[in-house]
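Peer 1: Below is run11.cif; it holds mmCIF, C-alpha atoms.
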data_model
loop_
_atom_site.label_atom_id
_atom_site.label_comp_id
_atom_site.auth_asym_id
_atom_site.auth_seq_id
_atom_site.Cartn_x
_atom_site.Cartn_y
_atom_site.Cartn_z
CA MET A 18 2.77 5.07 -23.20
CA HIS A 19 0.94 8.19 -22.10
CA PHE A 20 -0.35 7.55 -18.61
CA LYS A 21 -3.71 8.99 -17.62
CA ALA A 22 -4.05 7.78 -14.01
CA ILE A 23 -2.02 6.61 -11.05
CA LEU A 24 -3.07 4.06 -8.46
CA PHE A 25 -1.33 4.24 -5.09
CA ASP A 26 -0.89 1.74 -2.33
CA LEU A 27 -1.26 3.48 1.05
CA ASP A 28 0.85 1.96 3.85
CA GLY A 29 4.54 2.17 2.98
CA THR A 30 3.85 4.20 -0.16
CA LEU A 31 2.01 7.39 0.69
CA LEU A 32 2.03 7.10 4.49
CA ASP A 33 4.53 5.74 6.99
CA THR A 34 2.12 3.80 9.21
CA LEU A 35 4.54 1.17 10.47
CA GLU A 36 4.84 2.22 14.11
CA ASP A 37 1.11 2.65 14.64
CA LEU A 38 0.43 -0.76 13.07
CA GLY A 39 3.25 -2.48 14.93
CA ASN A 40 2.45 -0.91 18.28
CA ALA A 41 -1.22 -1.88 18.01
CA ALA A 42 -0.28 -5.46 17.13
CA ASN A 43 2.20 -5.62 20.00
CA ARG A 44 -0.47 -4.48 22.46
CA VAL A 45 -2.68 -7.32 21.24
CA LEU A 46 0.09 -9.86 21.65
CA ASP A 47 0.99 -8.56 25.08
CA LYS A 48 -2.64 -8.66 26.19
CA TYR A 49 -2.87 -12.37 25.43
CA GLY A 50 0.57 -13.26 26.75
CA PHE A 51 2.39 -13.73 23.44
CA PRO A 52 5.88 -12.42 22.54
CA THR A 53 5.99 -9.05 20.81
CA HIS A 54 8.07 -8.02 17.78
CA THR A 55 10.36 -5.26 16.56
CA MET A 56 9.28 -2.75 13.94
CA ASP A 57 11.72 -4.37 11.49
CA ASN A 58 9.73 -7.59 11.86
CA TYR A 59 6.51 -5.73 11.15
CA ARG A 60 7.95 -4.52 7.86
CA LEU A 61 7.58 -8.13 6.75
CA PHE A 62 4.28 -8.80 8.51
CA VAL A 63 2.16 -5.97 7.10
CA GLY A 64 0.69 -5.54 3.63
CA ASP A 65 -1.58 -8.56 3.25
CA GLY A 66 -4.46 -7.54 5.48
CA VAL A 67 -5.18 -7.74 9.21
CA VAL A 68 -5.79 -11.50 9.34
CA THR A 69 -2.41 -12.26 7.78
CA LEU A 70 -0.73 -9.65 9.98
CA MET A 71 -1.92 -11.33 13.16
CA ASN A 72 -1.24 -14.80 11.79
CA ARG A 73 2.39 -13.82 11.13
CA ALA A 74 2.75 -12.10 14.50
CA LEU A 75 1.47 -15.04 16.55
CA PRO A 76 3.73 -17.92 17.64
CA GLU A 77 3.51 -20.78 15.15
CA ASP A 78 1.82 -23.10 17.63
CA LYS A 79 -0.91 -20.52 18.33
CA ARG A 80 -1.99 -19.86 14.77
CA ASN A 81 -5.40 -21.48 14.99
CA ASN A 82 -8.54 -19.88 13.65
CA ASP A 83 -10.08 -18.99 17.03
CA THR A 84 -6.92 -17.27 18.31
CA ILE A 85 -6.40 -15.40 15.05
CA GLN A 86 -10.00 -14.15 15.02
CA ILE A 87 -9.81 -12.94 18.62
CA CYS A 88 -6.55 -11.15 17.89
CA VAL A 89 -7.96 -9.57 14.71
CA LYS A 90 -10.94 -8.21 16.64
CA THR A 91 -8.70 -6.83 19.37
CA PHE A 92 -6.30 -5.36 16.82
CA ARG A 93 -9.12 -3.40 15.21
CA GLU A 94 -10.01 -2.01 18.63
CA GLU A 95 -6.41 -1.14 19.48
CA TYR A 96 -5.61 0.36 16.11
CA GLY A 97 -8.83 2.35 16.27
CA LYS A 98 -7.50 4.07 19.39
CA SER A 99 -4.09 4.91 17.97
CA TRP A 100 -4.04 4.87 14.17
CA ASN A 101 -2.88 8.52 14.07
CA VAL A 102 -0.14 8.70 16.71
CA LYS A 103 3.04 8.17 14.64
CA THR A 104 1.63 7.99 11.12
CA ARG A 105 2.73 10.68 8.66
CA PRO A 106 3.16 11.20 4.92
CA TYR A 107 6.61 10.24 3.65
CA ASP A 108 8.94 13.11 2.83
CA GLY A 109 8.29 14.23 -0.72
CA VAL A 110 4.79 12.76 -0.99
CA PRO A 111 2.95 16.11 -0.71
CA GLU A 112 5.17 17.62 -3.39
CA MET A 113 4.63 14.57 -5.62
CA LEU A 114 0.86 14.83 -5.27
CA ASP A 115 0.94 18.56 -5.99
CA THR A 116 2.82 17.98 -9.22
CA LEU A 117 0.68 15.04 -10.31
CA ALA A 118 -2.42 17.15 -9.79
CA THR A 119 -1.03 19.83 -12.10
CA HIS A 120 -0.48 17.17 -14.77
CA GLY A 121 -4.17 16.32 -14.69
CA LEU A 122 -3.74 12.66 -13.79
CA LYS A 123 -6.60 10.89 -12.10
CA MET A 124 -5.49 9.55 -8.70
CA ALA A 125 -6.79 6.67 -6.62
CA VAL A 126 -5.80 4.64 -3.56
CA LEU A 127 -6.14 0.87 -3.11
CA SER A 128 -5.12 -0.71 0.19
CA ASN A 129 -5.41 -4.02 2.03
CA LYS A 130 -5.99 -1.97 5.18
CA PRO A 131 -9.67 -2.15 6.29
CA ASP A 132 -11.73 0.30 4.27
CA GLU A 133 -12.73 2.50 7.21
CA PHE A 134 -9.13 3.00 8.31
CA THR A 135 -7.97 3.55 4.72
CA LYS A 136 -10.46 6.39 4.31
CA LEU A 137 -9.63 7.82 7.75
CA CYS A 138 -5.92 7.92 6.95
CA VAL A 139 -6.42 9.60 3.58
CA THR A 140 -8.83 12.15 5.04
CA GLU A 141 -6.55 12.93 7.99
CA TYR A 142 -3.15 13.02 6.32
CA LEU A 143 -3.85 13.78 2.65
CA PRO A 144 -6.84 16.15 2.77
CA LYS A 145 -5.48 18.63 0.25
CA TRP A 146 -5.66 16.28 -2.73
CA ALA A 147 -8.80 15.13 -4.51
CA PHE A 148 -8.40 11.39 -4.95
CA ASP A 149 -11.02 10.10 -7.37
CA ILE A 150 -11.46 6.81 -5.49
CA VAL A 151 -10.16 5.51 -2.15
CA LEU A 152 -10.71 1.81 -1.45
CA GLY A 153 -9.59 -0.40 1.40
CA GLN A 154 -10.32 -4.01 2.32
CA ARG A 155 -14.01 -4.88 1.98
CA ASN A 156 -15.87 -8.16 2.19
CA THR A 157 -17.18 -7.69 -1.34
CA LEU A 158 -13.74 -7.87 -2.98
CA PRO A 159 -10.72 -10.14 -2.44
CA LEU A 160 -7.51 -8.67 -1.10
CA LYS A 161 -4.58 -7.74 -3.30
CA PRO A 162 -2.80 -9.28 -5.17
CA ASP A 163 -6.15 -10.24 -6.68
CA PRO A 164 -6.60 -7.52 -9.31
CA SER A 165 -10.35 -7.08 -8.78
CA GLY A 166 -10.04 -3.86 -6.78
CA ALA A 167 -7.60 -2.32 -9.24
CA LEU A 168 -9.81 -3.27 -12.17
CA GLU A 169 -12.89 -1.87 -10.42
CA ILE A 170 -11.08 1.44 -10.00
CA ALA A 171 -10.03 1.47 -13.66
CA LYS A 172 -13.61 0.82 -14.73
CA CYS A 173 -15.02 3.52 -12.46
CA LEU A 174 -12.50 6.07 -13.75
CA ASP A 175 -13.08 4.98 -17.36
CA VAL A 176 -9.34 4.59 -17.91
CA PRO A 177 -7.88 1.41 -19.46
CA PRO A 178 -5.67 -0.44 -16.96
CA SER A 179 -2.70 -0.17 -19.34
CA HIS A 180 -2.84 3.62 -18.92
CA PHE A 181 -2.30 3.38 -15.14
CA ILE A 182 0.91 3.68 -13.18
CA TYR A 183 0.67 1.55 -10.04
CA LEU A 184 2.96 2.77 -7.25
CA GLY A 185 3.51 0.43 -4.31
CA ASP A 186 6.17 -0.84 -1.93
CA THR A 187 5.63 -4.61 -1.62
CA ALA A 188 5.54 -7.78 -3.69
CA ILE A 189 1.77 -7.77 -3.25
CA ASP A 190 1.56 -4.41 -5.02
CA MET A 191 3.75 -5.48 -7.92
CA LYS A 192 1.77 -8.69 -8.37
CA THR A 193 -1.48 -6.71 -8.33
CA ALA A 194 -0.20 -4.32 -10.97
CA VAL A 195 0.98 -7.13 -13.22
CA ALA A 196 -2.32 -9.02 -12.87
CA ALA A 197 -4.29 -5.86 -13.66
CA ASN A 198 -2.05 -4.96 -16.65
CA MET A 199 -0.94 -1.72 -15.01
CA PHE A 200 2.63 -0.35 -15.05
CA PRO A 201 4.29 -1.51 -11.78
CA VAL A 202 6.54 0.99 -10.03
CA GLY A 203 8.30 0.13 -6.77
CA ALA A 204 8.71 2.69 -3.98
CA LEU A 205 12.10 2.16 -2.35
CA TRP A 206 11.29 4.31 0.69
CA GLY A 207 8.63 1.84 1.87
CA PHE A 208 8.54 -1.38 3.85
CA ARG A 209 10.31 -3.81 1.49
CA THR A 210 13.45 -4.11 -0.62
CA GLY A 211 14.14 -3.33 -4.24
CA LYS A 212 15.05 -6.98 -4.76
CA GLU A 213 11.59 -8.09 -3.67
CA LEU A 214 9.94 -5.52 -5.90
CA LEU A 215 11.96 -6.49 -8.98
CA GLU A 216 11.41 -10.19 -8.43
CA ASN A 217 7.67 -9.62 -8.40
CA GLY A 218 7.30 -7.56 -11.53
CA ALA A 219 8.42 -3.97 -10.92
CA GLN A 220 9.21 -2.26 -14.22
CA ALA A 221 10.79 0.73 -12.49
CA LEU A 222 12.09 1.57 -9.02
CA ILE A 223 12.12 5.08 -7.58
CA LYS A 224 14.12 6.29 -4.59
CA ARG A 225 12.11 9.47 -3.93
CA PRO A 226 8.44 10.24 -4.59
CA GLN A 227 8.97 12.98 -7.16
CA GLU A 228 10.94 10.61 -9.38
CA ILE A 229 7.54 9.30 -10.49
CA LEU A 230 7.47 12.34 -12.79
CA ASN A 231 10.23 10.79 -14.89
CA LEU A 232 7.80 8.04 -15.85
CA LEU A 233 4.76 10.05 -16.85
CA ASP A 234 5.50 10.18 -20.57
CA LEU A 235 7.11 6.83 -21.28
CA THR A 236 6.69 6.08 -24.95
CA HIS A 237 6.95 2.36 -24.40
CA ARG A 238 7.37 -0.17 -21.64
CA ASN A 239 11.00 -0.98 -21.03
CA SER A 240 11.98 -4.58 -21.55
CA LYS A 241 14.09 -4.33 -18.40
CA PRO A 242 13.15 -2.68 -15.10
CA SER A 243 14.69 0.74 -14.69
CA VAL A 244 15.71 3.06 -11.91
CA PRO A 245 15.18 6.72 -12.81
CA PRO A 246 18.29 8.85 -12.21
CA PRO A 247 18.59 10.69 -8.87
#
As C-alpha cells - that is how I would like this structure written.

Peer 2:
Amino acid sequence: MHFKAILFDLDGTLLDTLEDLGNAANRVLDKYGFPTHTMDNYRLFVGDGVVTLMNRALPEDKRNNDTIQICVKTFREEYGKSWNVKTRPYDGVPEMLDTLATHGLKMAVLSNKPDEFTKLCVTEYLPKWAFDIVLGQRNTLPLKPDPSGALEIAKCLDVPPSHFIYLGDTAIDMKTAVAANMFPVGALWGFRTGKELLENGAQALIKRPQEILNLLDLTHRNSKPSVPPP
C-alpha cells in the first residue's frame, strides 16, 4: 500500500496536553467540593471528549446530567485560561512532521477536543507545518470513534480512506481508523498502553514518532500487527 495522507490524533499523539487537561479538571472538581485525581488517572479519563472526561472525574453518585453540564461549562472556562501552560509537542514530533512534509503526504488532525481548542493548540505549538485540515469536536459531527470526521477529511482531501495512515494513542483512535478503513498505527509514547491499542485494531505500534517512516511504503497490510524495529 502506498500511503498518500496521514491523519493524526492530537492529545497524546502530537502534543503532551495531559497536565493542562488534568489541572483544569482538578480545579473544577475542587471548586465544587469533589475529590481531585492524579495525572495517571487522567490518562484514562481523557480522549472521549469533555463531557466524558468530567463524567469519569466526578464521584459515581454525582454523575447526574445537571452536575456534569455545570462541570463541563466550568472546565471550558478553566482550560481556556491555562491550555498552554504545560503543553508541548512530544520529543521527535517536529522531526517526524518535517520528514513527512518532504515526502509530500497530506496531513490532517482529528481530535475529540473542542474545535476551538484543537485549532488553538495546532496554531500555537505546530505553526511550522501546513496541515490540510484541522478538526476538533463540533456539534455537527459525532465524536470519535464514529468515523464521520475521518471520512469527511478523506473526502475533502480527495484521498481514499484506505490510503491513509491513522496515528493515535488510544482505543478510540484505533476504533476510528478501523471503522473508516484507514491503517491504524498506535503511538506508544501517548496516554494508553500497547495492549489497549492492539486489542482495538492497531496494525502497527511505534515507540518513537519517526518510526512512522518505516510504514510509508508498505506493499500490503500485515495480517498481524507489527512493531517497527528501533

Peer 1: Counting only C-alpha atoms, which of A:Met191, A:Ala219, A:Ala118, A:Leu70 gets nearest to Lys161 in chain A?

Peer 2: A:Met191

Peer 1: Any idea what's packed within 9 Å of Asn40 in chain A, counting only C-alpha atoms, ignoring anything in its chain fewer than 3 positions away? Could you give it as a VMD selection string?

Peer 2: chain A and resid 35 to 37 43 to 45 56 95 to 96 99

Peer 1: Find the residues near range 179-184 of chain A: any atom within 8 Å, counting all atoms listed in the file, skip ones fewer than 4 places away on the same chain, and give them as a list in words.

Peer 2: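 The residues satisfying every condition are Met18, His19, Phe20, Lys21, Ala22, Ile23, Leu24, Phe25, Asp26, Thr30, Asp190, Met191, Ala194, Asn198, Met199, Phe200, Pro201, Val202, Gly203 and Ala204 of chain A.
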
Peer 1: For the residues in the current selection, export C-alpha atoms as an mmCIF file, keeping the file's coordinate frame.

Peer 2:
data_model
loop_
_atom_site.group_PDB
_atom_site.id
_atom_site.type_symbol
_atom_site.label_atom_id
_atom_site.label_comp_id
_atom_site.auth_asym_id
_atom_site.auth_seq_id
_atom_site.Cartn_x
_atom_site.Cartn_y
_atom_site.Cartn_z
ATOM 1 C CA MET A 18 2.770 5.070 -23.200
ATOM 2 C CA HIS A 19 0.940 8.190 -22.100
ATOM 3 C CA PHE A 20 -0.350 7.550 -18.610
ATOM 4 C CA LYS A 21 -3.710 8.990 -17.620
ATOM 5 C CA ALA A 22 -4.050 7.780 -14.010
ATOM 6 C CA ILE A 23 -2.020 6.610 -11.050
ATOM 7 C CA LEU A 24 -3.070 4.060 -8.460
ATOM 8 C CA PHE A 25 -1.330 4.240 -5.090
ATOM 9 C CA ASP A 26 -0.890 1.740 -2.330
ATOM 10 C CA THR A 30 3.850 4.200 -0.160
ATOM 11 C CA ASP A 190 1.560 -4.410 -5.020
ATOM 12 C CA MET A 191 3.750 -5.480 -7.920
ATOM 13 C CA ALA A 194 -0.200 -4.320 -10.970
ATOM 14 C CA ASN A 198 -2.050 -4.960 -16.650
ATOM 15 C CA MET A 199 -0.940 -1.720 -15.010
ATOM 16 C CA PHE A 200 2.630 -0.350 -15.050
ATOM 17 C CA PRO A 201 4.290 -1.510 -11.780
ATOM 18 C CA VAL A 202 6.540 0.990 -10.030
ATOM 19 C CA GLY A 203 8.300 0.130 -6.770
ATOM 20 C CA ALA A 204 8.710 2.690 -3.980
#

Peer 1: Check what the PyMOL selection byres ((chain A and resi 83-92) around 9) selects in the file above and give those residues as a ChimeraX atom specification.

Peer 2: /A:38,41-42,44-46,49,67-72,75,79-82,93-97

Peer 1: Assuming the chain letters and numbering stay as they are in my file, what does the PyMOL selection byres ((chain A and resi 112) around 12) actually select? List them as number ranges by chain.

Peer 2: A: 31, 106-111, 113-119, 143, 145-146, 225-230

Peer 1: Go ahead and compute the interatomic distance for CA of Phe148 in chain A and CA of Arg105 in chain A, in Å to one decimal.

Peer 2: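 Those two atoms sit 17.6 Å apart.
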
Peer 1: Where does the PyMOL selection byres ((chain A and resi 127-138) around 7) land in this file, that is, which residues does it pick, as a ChimeraX atom specification?

Peer 2: /A:24-27,64-66,125-126,139-142,151-155,160-161

Peer 1: Can you measure CA of Ala197 in chain A to CA of Asp163 in chain A for me? One decimal in Å is fine.

Peer 2: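 These two atoms are separated by 8.4 Å.
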